[in-house]
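A.B. asks: Just dropping this structure here.
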Amino acid sequence: MRGGGQGRLMRGSDKHGIDFKLLIRVLRYIFPYWKLVAVAFTAMFVVTLGTLAGPYLIRLILDDGISQQNLALLRKFVLIYLAVQGLIWIARWTQVRTIATAGQNAIYNLRNELFVRLQELSMRRLNQEETGVLMSRVTSDVNVLQDLITWALTGTASDFLVLFGVVMVMLEMDAHLALIAFSVLPLMVVMTEIWRRYVQDAYRAVRKRNGELLGAIEEQISNVRVTQAFAREQYNLRDFRDRVNGGFLRANLHATRLGALFFSGVDFLALLAIALLVWFGGLDVLNKTISAGVLVAFVLYVDHFFNPIRDIAQRYNTLQSALAASERIFRLLDTPLEVVPPPHGLRLTPLQGDIRLEKVSFHYGDGAWVLQDVSFHVRPGETVAVVGHTGAGKTTIIRLLGRYYDVQRGRILIDGHDIRTIALPTLRRQMGVVLQENFLFRGSVMDNIRYGRLEATEKEVIAAAQHVGAHDFISRLPDGYNTDVEEGGARLSVGERQLIAFARALLADPRFLILDEATASIDTKTEQLIQRALAVLLQGRTAIVIAHRLSTITKADRILVLDQGRLVEEGTHDRLLARQGLYYRLYTLGFAKDRPATQPPKRHIKRPLNPPSTPSFPLG
Amino acid sequence: MKYLWRLLGYLRPHWAGVLLTDLALLVGTLLSLAVPWLIKRVIDIGLKGDIRALAVSAGAIITVGLLRFLVGYGQRYGGGWLAYMVSYDLRNEMLARVQSLSFSYHDQEQTGQIMSRMTSDITAMQRFFSGALLDSLNLVFLFTGVTLTMLKLDPILTFYALLPFPLLGVTAIHFGRRVRRLWKAAQERFGYLTAILQENLTGAQVVRAFVREHYEVEKFSKANQQFMDQRLKTIYTWASNFPFMSFIAALSSALVFWFGGAQAIAGRTTIGTVVAFNGYVMLLAMPVRRLGMIVNLYGEAMGIGERLFEILDQTSPVQEQVDAIELPRLQGHIRFEQVGFHYARTQEGKQPTEEVLSDINLDVPPGSIVALVGHTGSGKSSIVNLIPRFYDITAGRISIDGYDVRDVTLASLRRQIGVVMQNTQLFSESIAANIAYGRPDASLAEIQAAAQAAQADEFIRTMPQGYQTVVGPRGVTLSGGQRQRIAIARALLLDPRILILDDSTSSVDTQTEYKIQQALHQLMRGRTSFVIAHRLTTVKEADLIVVLRRGRIVQQGTHQALLAQGGYYKEIYDLQLRDQEETAAANATGRAS
């Protein structure tokens with residue numbers, strides 16, 4: 001994880017101090033549940049009052065009951081004490097339930113909102129980020145906020161309330177003694193301030209080291225084969241032990257040391273305050289200015305006084321990390337949308353499948369043009385192959401046609417309408433996209449094919465599978481169509497996944513089809529199946545194929561040759577070969593070294609290659 | 001229980017720390033007991049007019065405070081230190097174990113599984129050591145101390161004071177058990193929610209292509225709702241138990257005042273005793289309330305211990321012999337004699353004893369190039385994986401320069417074998433460190449020389465920090481072709497006698513491909529090389545082509561000889577390699593016209 005290519009949505013700053021604007025924005029998620037919050041705060045108020053009443057009642061028990069030898073009064077106060085405790089029990093029950101309900105609902109909404117935003121983000125934005133980083137926005141970051149909203153909020157409020165109440169009650173009971181108890185406060189303030197300053201850095205170091213540790217562990221496990229191949233086990237282990245694991249250990253120990261020092265210090269101050277009370281208060285009792293009960297009550301109040309301070313100091317750190325998390329969350333929510341759907345988009349059903357690019361130029365926001373002045377026209381039902389080097393702009397064309405991005409110059413017309421005026425669902429629903437990596441969702445094979453058209457019947461799904469030649473292998477799976485595929489389709493081969501993706505696309509029955517041909521090696525038999533399936537899929541549809549296989553290219557009605565973002569050649573395979581331009585060079589250059597010195601051509605080039613080749617045409 | 005003892009064994013190396021921490025805990029408990037007792041003295045003696053007793057008590061409280069500061073620090077820091085040390089040791093041990101396990105283990109286990117053992121499980125273990133273990137000890141000390149002190153002060157009042165505690169303990173344990181079950185269920189639902197999210201993100205393109213955003217949002221918010229409901233259930237359980245437990249503790253105080261007060265009025269006990277009893281009850285109430293949590297943490301620790309030891313107790317099937325020798329600098333003469341291989345019987349999913357390779361006989365003289373040809377699953381990768389002993393053969397013998405690979409140390413064997421596979425795995429370190437992966441002591445000049453030979457120097461120099469540029473996790477910031485060339489440089493720097501490589505170059509442009517081919521040639525020069533061959537050039541240059549079918553060698557010889565022979569090689573050639581020839585032929589025609 002050292003260095004690491006973290007994207008823009010990732011970085012969260014750990015600022016000192018509290019950003020109140022941020023805090024308010026977080027709190028806004030609870031506003032809809034203000035009634036529950038109001039109940040919670042009322043209950044909290046009752047709890048606080050009850051807590052404060054405790055030592056006071058004990059004082060009454062001691063002074064008016066025991067000291068005055070009044071058994072009836074003693075029993076009365078004890079019963080009141082118990083009643084107050086019962087009230088606290090019920091009030092606290094109410095408080096926890098209401099605030100938790102409000103908080104969880106707020107968190108539920110926030111999580112949903114984040115997920116919706118992730119659906120709206122452009123593919124470019126998604127690809128910039130690591131999946132794990134985006135996931136942690138919706139999972140761990142929201143969880144941190146969840147703790148803030150449900151516990152820290154009422155907790156902190158009640159701490160301040162108790163603190164205020166204790167101070168008031170003590171001053172009320174005996175101002176002189178109260179001031180003596182408060183005399184340790186300056187020390188407390190200084191200690192808290194110092195601690196707060198150091199602990200923030202300490203916890204930040206722990207978080208950073210923790211990230212490093214997780215990254216290192218992941219890397220060590222997933223690259224274990226390389227480690228073994230290079231016999232690096234000992235070296236890596238030493239590095240892990242000393243640098244990564246050791247660093248994490250040292251950071252944690254440092255934070256622990258600070259915590260131990262601070263909290264033991266607070267304990268000491270509490271006892272110091274009690275000792276002062278005992279001495280000065282004791283003298284007051286002897287001088288008869290206060291009763292013994294008051295002194296005992298004061299000693300008890302000191303506990304109630306230091307507890308909230310301890311809590312607040314501890315919670316400060318939670319608050320910090322919660323705010324850092326919320327900053328990252330809001331940055332994701334505030335990411336401007338790159339593709340803005342038209343408010344009243346045209347609903348064109350069915351599309352004819354006529355595609356026209358007019359002087360299209362495009363860059364990915366960095367000013368480096370990926371496509372420049374590209375114009376072409378694909379008529380309904382035509383199959384067009386796009387070829388060119390890596391980085392020539394082939395994939396970008398796919399992205400523009402699906403409107404995953406918007407062009408900066410020129411325009412794209414679908415059936416004569418500017419793509420930006422067509423309702424996105426209309427467009428995408430009638431356009432099938434099959435990519436190199438065929439992602440499958442967890443669930444059955446049936447579900448995965450049905451993803452193309454949710455309302456399709458079982459019969460239709462099977463028919464689609466049969467059409468693309470996937471039926472046979474699916475039937476051989478343990479539970480046929482009901483076999484669960486693991487996430488990403490790990491259990492199926494690349495070829496099988498591709499066939500399922502074809503069935504999925506066929507079921508959707510799109511008007512036009514965009515296909516990024518896979519380059520991965522597939523065994524010959526599956527390869528044949530795929531070629532046949534491809535033919536079925538392309539039938540009667542407008543198709544643009546990013547082609548890697550010679551057979552696909554030669555079968556196309558027309559070939560577009562891209563070079564550095566420009567359309568440089570266009571025509572049929574034979575015509576382009578004859579031109580001896582870029583296409584010709586692409587076609588031959590990669591194999592210059594494979595060229596047999598003397599062998600004459602045995603067959604005409606444009607025979608349908610059967611069976612087709614493994615990835616050998618170098619137009620990757 | 002077995003696991004618990006074994007876990008506690010991890011404390012043994014830190015026995016001095018354990019001793020000090022426990023001592024601090026014990027002294028701390030005694031000091032806590034002293035405070036209510038001192039207050040009692042103040043009330044019963046000091047306030048009766050004994051100023052000296054008052055001063056002594058106040059002084060004693062300050063002394064207790066200072067001492068408790070010291071032992072409190074020791075107790076808190078010691079507890080943390082032990083927990084972190086144990087988790088540190090556990091992590092090191094885990095990594096060492098994981099690294100020593102052979103490929104067959106890693107083929108079965110998912111990275112995520114081992115990952116969560118090494119991260120969240122160890123963190124939970126840390127919580128157990130720093131929390132539950134000391135808390136339970138503290139509870140024992142405190143309960144004994146408080147009970148004894150109270151008994152000494154007033155046995156009858158002790159009975160009343162402790163009356164509600166059994167109820168408190170039972171409630172705490174019952175609550176702990178219930179909340180644990182609920183919490184587990186909530187975690188499961190959270191796991192489901194995470195899975196949906198992950199799938200949605202990795203399959204984002206498909207979601208968009210089929211306009212399934214609404215469907216996905218519905219799916220997610222349903223999972224989100226389920227998680228929320230379960231979590232609320234957990235919190236509600238907390239709400240109906242924890243405040244109740246506080247009430248029971250307060251009940252104890254009330255009993256003390258009710259009966260103690262009456263006795264004080266009757267003169268059978270003092271006010272100070274009553275106040276002290278209240279202090280002791282409050283002291284005891286908090287840790288008892290945590291009893292449920294402590295019990296849970298013990299249960300959790302045992303479960304986690306079982307999972308951790310499952311990995312730690314794995315033994316690698318590939319073991320060095322006790323008397324394994326250091327392999328001297330090799331010539332590179334490799335022999336396979338009647339080699340058979342199948343995956344371990346324990347492997348789930350796969351047929352247990354299906355032969356992957358059988359009757360493999362090969363004699364490869366030093367410096368020759370062997371091209372392995374065959375369909376997916378024919379056994380090509382298995383053959384090359386056996387040479388560095390990533391797996392152990394199940395029959396026959398593999399020897400290098402006459403040494404059986406099982407008789408030599410793994411490190412000395414593997415250091416002389418360079419491996420370049422199709423998917424290059426890099427580490428998130430600088431490019432220089434990645435190239436020097438096999439030889440961390442290599443100088444920058446050597447690294448650059450290797451990069452030059454691997455055709456990588458040029459693009460590395462254009463990177464922002466040149467050789468010091470740090471590559472992203474798993475090398476994501478580099479293209480496939482760049483990663484592959486770094487892997488070639490990495491192998492070159494090792495200057496191995498034996499080379500294992502996969503010559504496929506998928507999804508790179510023509511020029512890059514050409515460069516990679518050149519780099520591969522450079523790499524193979526003068527070494528015994530085993531190539532999983534996909535390209536015509538490789539098979540043509542090979543000294544020996546080994547044609548594999550279902551784990552057996554069906555043909556071997558040179559390209560020309562095998563073509564002339566016809567048979568399976570000819571078939572494969574027609575299916576896979578001919579195309580490349582055609583292309584070349586087209587080129588020739590083009591030139592001619």
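Letters for chains follow the order of the structure tokens (A, B, ...), residue numbers begin at 1 for each chain, and ligand numbers begin at 1 in the order shown.
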As a PyMOL selection string, list the residues of stretch 231-436 of chain B assigned to strand (DSSP E or B) by DSSP on the backbone atoms of this structure.
C.D. replies: chain B and resi 325+334-342+355-364+369-373+395-400+403-404+408+417-420+430
A.B. asks: Give me the residues near B:Phe190 as a list in words, where near means some atom within 10 Å (using only C-alpha atoms) and where sequence neighbours in that chain fewer than 4 positions away do not count.
C.D. replies: Thr139 of chain A; Lys184, Ala185, Ala186, Thr194, Ala195, Ile196, Ala223, Asn224, Gln226, Phe227, Met228, Gln230 and Arg231 of chain B
A.B. asks: Keeping only N, CA and C atoms, write the selected residues as a PDB file, in the first residue's frame.
C.D. replies:
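This went into result_38.pdb:
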```pdb
ATOM      1  N   THR A 139     -19.406   1.031   3.181  1.00  0.00           N
ATOM      2  CA  THR A 139     -19.389   0.113   4.326  1.00  0.00           C
ATOM      3  C   THR A 139     -18.724   0.748   5.538  1.00  0.00           C
TER       4      THR A 139
ATOM      5  N   LYS B 184     -24.233 -11.647  15.500  1.00  0.00           N
ATOM      6  CA  LYS B 184     -23.743 -12.504  14.418  1.00  0.00           C
ATOM      7  C   LYS B 184     -24.666 -12.424  13.208  1.00  0.00           C
ATOM      8  N   ALA B 185     -25.967 -12.458  13.484  1.00  0.00           N
ATOM      9  CA  ALA B 185     -26.945 -12.376  12.398  1.00  0.00           C
ATOM     10  C   ALA B 185     -26.795 -11.040  11.672  1.00  0.00           C
ATOM     11  N   ALA B 186     -26.586  -9.969  12.447  1.00  0.00           N
ATOM     12  CA  ALA B 186     -26.412  -8.648  11.825  1.00  0.00           C
ATOM     13  C   ALA B 186     -25.166  -8.640  10.952  1.00  0.00           C
ATOM     14  N   THR B 194     -22.546  -6.206   1.685  1.00  0.00           N
ATOM     15  CA  THR B 194     -21.235  -5.933   1.091  1.00  0.00           C
ATOM     16  C   THR B 194     -21.063  -6.699  -0.218  1.00  0.00           C
ATOM     17  N   ALA B 195     -21.541  -7.950  -0.216  1.00  0.00           N
ATOM     18  CA  ALA B 195     -21.397  -8.758  -1.422  1.00  0.00           C
ATOM     19  C   ALA B 195     -22.164  -8.132  -2.583  1.00  0.00           C
ATOM     20  N   ILE B 196     -23.369  -7.676  -2.310  1.00  0.00           N
ATOM     21  CA  ILE B 196     -24.173  -7.045  -3.364  1.00  0.00           C
ATOM     22  C   ILE B 196     -23.466  -5.804  -3.900  1.00  0.00           C
ATOM     23  N   ALA B 223     -31.459  -5.303   0.994  1.00  0.00           N
ATOM     24  CA  ALA B 223     -30.407  -5.836   1.868  1.00  0.00           C
ATOM     25  C   ALA B 223     -30.093  -4.845   2.980  1.00  0.00           C
ATOM     26  N   ASN B 224     -30.086  -3.579   2.626  1.00  0.00           N
ATOM     27  CA  ASN B 224     -29.814  -2.507   3.580  1.00  0.00           C
ATOM     28  C   ASN B 224     -30.870  -2.497   4.686  1.00  0.00           C
ATOM     29  N   GLN B 226     -32.781  -5.023   5.580  1.00  0.00           N
ATOM     30  CA  GLN B 226     -32.642  -6.213   6.411  1.00  0.00           C
ATOM     31  C   GLN B 226     -31.539  -6.034   7.447  1.00  0.00           C
ATOM     32  N   PHE B 227     -30.466  -5.424   7.001  1.00  0.00           N
ATOM     33  CA  PHE B 227     -29.354  -5.185   7.928  1.00  0.00           C
ATOM     34  C   PHE B 227     -29.801  -4.240   9.036  1.00  0.00           C
ATOM     35  N   MET B 228     -30.492  -3.170   8.637  1.00  0.00           N
ATOM     36  CA  MET B 228     -30.932  -2.192   9.629  1.00  0.00           C
ATOM     37  C   MET B 228     -31.859  -2.850  10.654  1.00  0.00           C
ATOM     38  N   GLN B 230     -32.057  -5.924  11.593  1.00  0.00           N
ATOM     39  CA  GLN B 230     -31.333  -6.826  12.481  1.00  0.00           C
ATOM     40  C   GLN B 230     -30.515  -6.043  13.497  1.00  0.00           C
ATOM     41  N   ARG B 231     -29.916  -4.964  13.028  1.00  0.00           N
ATOM     42  CA  ARG B 231     -29.103  -4.150  13.919  1.00  0.00           C
ATOM     43  C   ARG B 231     -29.971  -3.493  14.990  1.00  0.00           C
TER      44      ARG B 231
END
```
A.B. asks: Near A:Gln564, counting only C-alpha atoms, which residues have an atom at most 9 Å away, once you skip same-chain residues fewer than 6 positions from it, shown as a PyMOL selection string?
C.D. replies: chain A and resi 369-372+388-389+391-393
A.B. asks: Go ahead and save the picked residues with N, CA, C and O atoms, as a CSV table (one decimal), in the first residue's frame.
C.D. replies:
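And here is the file that came out, selection-v3.csv:
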```
chain,number,residue,atom,x,y,z
A,369,TRP,N,-6.5,14.7,-26.7
A,369,TRP,CA,-7.6,14.1,-27.5
A,369,TRP,C,-7.4,12.7,-27.8
A,369,TRP,O,-6.4,12.2,-28.3
A,370,VAL,N,-8.5,11.9,-27.5
A,370,VAL,CA,-8.4,10.5,-27.8
A,370,VAL,C,-9.0,10.2,-29.1
A,370,VAL,O,-8.6,9.3,-29.9
A,371,LEU,N,-10.0,11.0,-29.5
A,371,LEU,CA,-10.6,10.9,-30.8
A,371,LEU,C,-10.6,12.3,-31.4
A,371,LEU,O,-10.9,13.3,-30.7
A,372,GLN,N,-10.3,12.3,-32.7
A,372,GLN,CA,-10.3,13.6,-33.4
A,372,GLN,C,-11.0,13.6,-34.7
A,372,GLN,O,-10.6,12.8,-35.6
A,388,GLY,N,-7.2,-1.3,-34.9
A,388,GLY,CA,-6.2,-0.3,-34.6
A,388,GLY,C,-5.3,-0.7,-33.4
A,388,GLY,O,-5.7,-1.7,-32.7
A,389,HIS,N,-4.2,0.0,-33.2
A,389,HIS,CA,-3.3,-0.3,-32.1
A,389,HIS,C,-4.1,-0.1,-30.7
A,389,HIS,O,-5.1,0.6,-30.7
A,391,GLY,N,-4.9,1.9,-27.7
A,391,GLY,CA,-4.8,3.4,-27.5
A,391,GLY,C,-5.2,4.2,-28.7
A,391,GLY,O,-5.1,5.4,-28.8
A,392,ALA,N,-5.7,3.5,-29.8
A,392,ALA,CA,-6.1,4.2,-31.0
A,392,ALA,C,-7.4,4.8,-30.8
A,392,ALA,O,-7.8,5.7,-31.6
A,393,GLY,N,-8.2,4.4,-29.8
A,393,GLY,CA,-9.5,5.0,-29.6
A,393,GLY,C,-10.7,4.1,-29.8
A,393,GLY,O,-11.8,4.5,-29.8
```
A.B. asks: Nearest to chain A among B:Tyr160, B:Tyr514, B:Tyr298, B:Tyr10, with distances taken over only C-alpha atoms: which residue is it?
C.D. replies: B:Tyr514
A.B. asks: Any idea what's packed within 6 Å of stretch 279-294 of chain B, counting only C-alpha atoms, ignoring anything in its chain fewer than 6 positions away? Could you give it as a PyMOL selection string?
C.D. replies: chain B and resi 36+132+172-173+176+249
A.B. asks: Could the residues in this selection be written to a file with C-alpha atoms, as a PDB file, in the first residue's frame?
C.D. replies:
```
ATOM      1  CA  PRO B  36     -14.256   3.527  50.566  1.00  0.00           C
ATOM      2  CA  ALA B 132     -11.708 -10.073  28.321  1.00  0.00           C
ATOM      3  CA  ALA B 172     -25.552 -10.208  32.153  1.00  0.00           C
ATOM      4  CA  ILE B 173     -24.718 -13.680  30.895  1.00  0.00           C
ATOM      5  CA  GLY B 176     -24.443 -11.625  26.409  1.00  0.00           C
ATOM      6  CA  ALA B 249     -27.028  -2.323  40.877  1.00  0.00           C
TER       7      ALA B 249
END
```
A.B. asks: Using only C-alpha atoms, which protein or nucleic acid residues come within 8 Å of stretch 456-462 of chain B? Drop anything in the same chain fewer than 4 positions from it, and give the result as a short mmCIF file (atom, residue, chain, number, x, y, z; two decimals) with N, CA, C and O atoms, in the first residue's frame.
C.D. replies:
```cif
data_model
loop_
_atom_site.label_atom_id
_atom_site.label_comp_id
_atom_site.auth_asym_id
_atom_site.auth_seq_id
_atom_site.Cartn_x
_atom_site.Cartn_y
_atom_site.Cartn_z
N ILE B 431 9.81 0.44 -8.99
CA ILE B 431 10.10 -0.44 -10.11
C ILE B 431 11.45 -1.12 -9.89
O ILE B 431 11.61 -2.32 -10.13
N GLN B 448 19.40 -1.64 -14.02
CA GLN B 448 19.20 -0.97 -15.30
C GLN B 448 19.62 -1.85 -16.46
O GLN B 448 18.95 -1.88 -17.50
N ALA B 451 16.94 -4.25 -17.10
CA ALA B 451 15.79 -3.60 -17.71
C ALA B 451 16.06 -3.32 -19.19
O ALA B 451 15.17 -3.46 -20.04
N GLN B 452 17.29 -2.92 -19.49
CA GLN B 452 17.62 -2.66 -20.89
C GLN B 452 17.48 -3.93 -21.72
O GLN B 452 16.87 -3.92 -22.79
N GLY B 466 11.18 7.67 -12.71
CA GLY B 466 12.06 6.67 -13.28
C GLY B 466 11.99 5.36 -12.54
O GLY B 466 10.90 4.87 -12.27
N TYR B 467 13.14 4.85 -12.19
CA TYR B 467 13.21 3.55 -11.52
C TYR B 467 12.64 3.58 -10.12
O TYR B 467 12.35 2.56 -9.54
N GLN B 482 3.90 -3.70 -20.08
CA GLN B 482 4.96 -3.16 -19.21
C GLN B 482 5.24 -4.11 -18.05
O GLN B 482 6.40 -4.37 -17.72
N ARG B 485 7.32 -7.02 -19.20
CA ARG B 485 8.74 -6.74 -19.40
C ARG B 485 9.48 -6.57 -18.08
O ARG B 485 10.64 -6.93 -17.95
N ILE B 486 8.78 -6.03 -17.09
CA ILE B 486 9.41 -5.95 -15.76
C ILE B 486 9.65 -7.35 -15.21
O ILE B 486 10.70 -7.64 -14.62
N ALA B 489 12.72 -8.63 -16.86
CA ALA B 489 13.91 -8.04 -16.26
C ALA B 489 14.19 -8.68 -14.90
O ALA B 489 15.34 -8.96 -14.54
#
```
A.B. asks: Please compute the atom CA of B:Gln455-atom CA of A:Leu550 distance, one decimal, in Å.
C.D. replies: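 Between atom CA of B:Gln455 and atom CA of A:Leu550 the gap works out to 28.3 Å.
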A.B. asks: Check the smallest atom-to-atom distance from each of B:Asn423, B:Ser368, B:Gln522, B:Thr537 to chain A using only C-alpha atoms, then report the winner.
C.D. replies: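 Closest to chain A, using only C-alpha atoms: B:Thr537.
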A.B. asks: So what do you get for atom CA of B:Asp363 versus atom CA of B:Pro496, distance-wise?
C.D. replies: 19.1 Å
A.B. asks: Taking 4 positions as the minimum chain separation for residues in the same chain, which residues sit within 12 Å of B:Leu163 when counting only C-alpha atoms? Answer as a short mmCIF file (atom, residue, chain, number, x, y, z; two decimals) with N, CA and C atoms, in the first residue's frame.
C.D. replies:
```cif
data_model
loop_
_atom_site.label_atom_id
_atom_site.label_comp_id
_atom_site.auth_asym_id
_atom_site.auth_seq_id
_atom_site.Cartn_x
_atom_site.Cartn_y
_atom_site.Cartn_z
N ILE B 156 -23.82 -9.21 58.07
CA ILE B 156 -25.25 -9.21 57.75
C ILE B 156 -25.54 -8.26 56.60
N LEU B 157 -24.94 -7.09 56.70
CA LEU B 157 -25.14 -6.10 55.64
C LEU B 157 -24.56 -6.61 54.32
N THR B 158 -23.49 -7.37 54.42
CA THR B 158 -22.90 -7.95 53.21
C THR B 158 -23.92 -8.81 52.48
N PHE B 159 -24.68 -9.59 53.27
CA PHE B 159 -25.69 -10.46 52.68
C PHE B 159 -26.70 -9.63 51.88
N LEU B 167 -28.76 -12.11 40.45
CA LEU B 167 -29.67 -11.70 39.37
C LEU B 167 -28.92 -10.90 38.31
N LEU B 168 -28.05 -10.00 38.79
CA LEU B 168 -27.27 -9.18 37.86
C LEU B 168 -26.38 -10.06 36.98
N GLY B 169 -25.70 -11.03 37.61
CA GLY B 169 -24.81 -11.91 36.86
C GLY B 169 -25.56 -12.73 35.82
N ILE B 248 -30.60 -2.89 38.79
CA ILE B 248 -30.31 -3.92 39.79
C ILE B 248 -29.17 -3.46 40.71
N ALA B 249 -28.15 -2.83 40.09
CA ALA B 249 -27.03 -2.32 40.88
C ALA B 249 -27.52 -1.28 41.89
N ALA B 250 -28.43 -0.40 41.40
CA ALA B 250 -28.98 0.63 42.29
C ALA B 250 -29.81 -0.01 43.40
N LEU B 251 -30.47 -1.11 43.05
CA LEU B 251 -31.25 -1.85 44.04
C LEU B 251 -30.35 -2.28 45.19
N SER B 252 -29.17 -2.72 44.83
CA SER B 252 -28.19 -3.13 45.83
C SER B 252 -27.87 -1.97 46.78
N SER B 253 -27.65 -0.77 46.20
CA SER B 253 -27.39 0.40 47.04
C SER B 253 -28.57 0.67 47.96
N ALA B 254 -29.78 0.58 47.38
CA ALA B 254 -30.98 0.85 48.17
C ALA B 254 -31.09 -0.11 49.35
N LEU B 255 -30.77 -1.40 49.10
CA LEU B 255 -30.79 -2.39 50.17
C LEU B 255 -29.80 -2.02 51.27
N VAL B 256 -28.63 -1.56 50.84
CA VAL B 256 -27.60 -1.15 51.81
C VAL B 256 -28.12 -0.03 52.70
N VAL B 281 -20.39 -1.53 46.62
CA VAL B 281 -21.41 -2.05 45.69
C VAL B 281 -21.24 -1.41 44.31
#
```
A.B. asks: Can you tell me, as a list in words, what residues are no more than 12 Å from A:Thr395 when counting only C-alpha atoms, ignoring any on the same chain fewer than 4 positions away?
C.D. replies: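 Here the qualifying residues turn out to be Arg124, Val370, Leu371, Val386, Val387, Gly388, His389, Thr390, Gly391, Arg399, Leu400, Leu401, Gly402, Tyr404, Tyr405, Val433, Leu435, Gln436, Ile514, Leu515, Asp516, Glu517, Ile544, Val545, Ile546, Ala547, Leu562, Gly565 and Gly620 of chain A.
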A.B. asks: Please give the complete set of residues from stretch 468-508 of chain A that DSSP, run on the backbone, assigns to alpha helix (DSSP H), formatted as a PyMOL selection string.
C.D. replies: chain A and resi 471-476+494-508
A.B. asks: Please produce a file of those selected residues containing C-alpha atoms, as a compact mmCIF listing (two decimals), in the first residue's frame.
C.D. replies:
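Saved result, again.txt, follows:
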```
# COMPACT_ATOMS: atom_id res chain seq x y z
CA HIS A 471 -27.61 -24.89 -23.81
CA ASP A 472 -25.44 -28.00 -24.00
CA PHE A 473 -22.86 -27.02 -21.46
CA ILE A 474 -25.44 -25.44 -19.17
CA SER A 475 -27.44 -28.68 -19.17
CA ARG A 476 -24.31 -30.52 -18.13
CA VAL A 494 -13.79 -17.82 -20.03
CA GLY A 495 -15.51 -19.26 -23.08
CA GLU A 496 -18.52 -20.43 -21.12
CA ARG A 497 -18.89 -17.05 -19.51
CA GLN A 498 -18.79 -15.45 -22.92
CA LEU A 499 -21.52 -17.73 -24.21
CA ILE A 500 -23.72 -16.84 -21.24
CA ALA A 501 -23.07 -13.18 -21.92
CA PHE A 502 -24.10 -13.74 -25.54
CA ALA A 503 -27.33 -15.41 -24.42
CA ARG A 504 -27.94 -12.51 -22.08
CA ALA A 505 -27.47 -10.02 -24.90
CA LEU A 506 -29.62 -12.06 -27.29
CA LEU A 507 -32.44 -12.22 -24.76
CA ALA A 508 -32.38 -8.46 -24.50
```
A.B. asks: Can you work out which one of A:Ala578, A:Ala543, A:Val37, A:Ala53 has the shortest atom-to-atom distance to A:Val384, counting only C-alpha atoms?
C.D. replies: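 That would be A:Ala543, the residue with the smallest distance to A:Val384.
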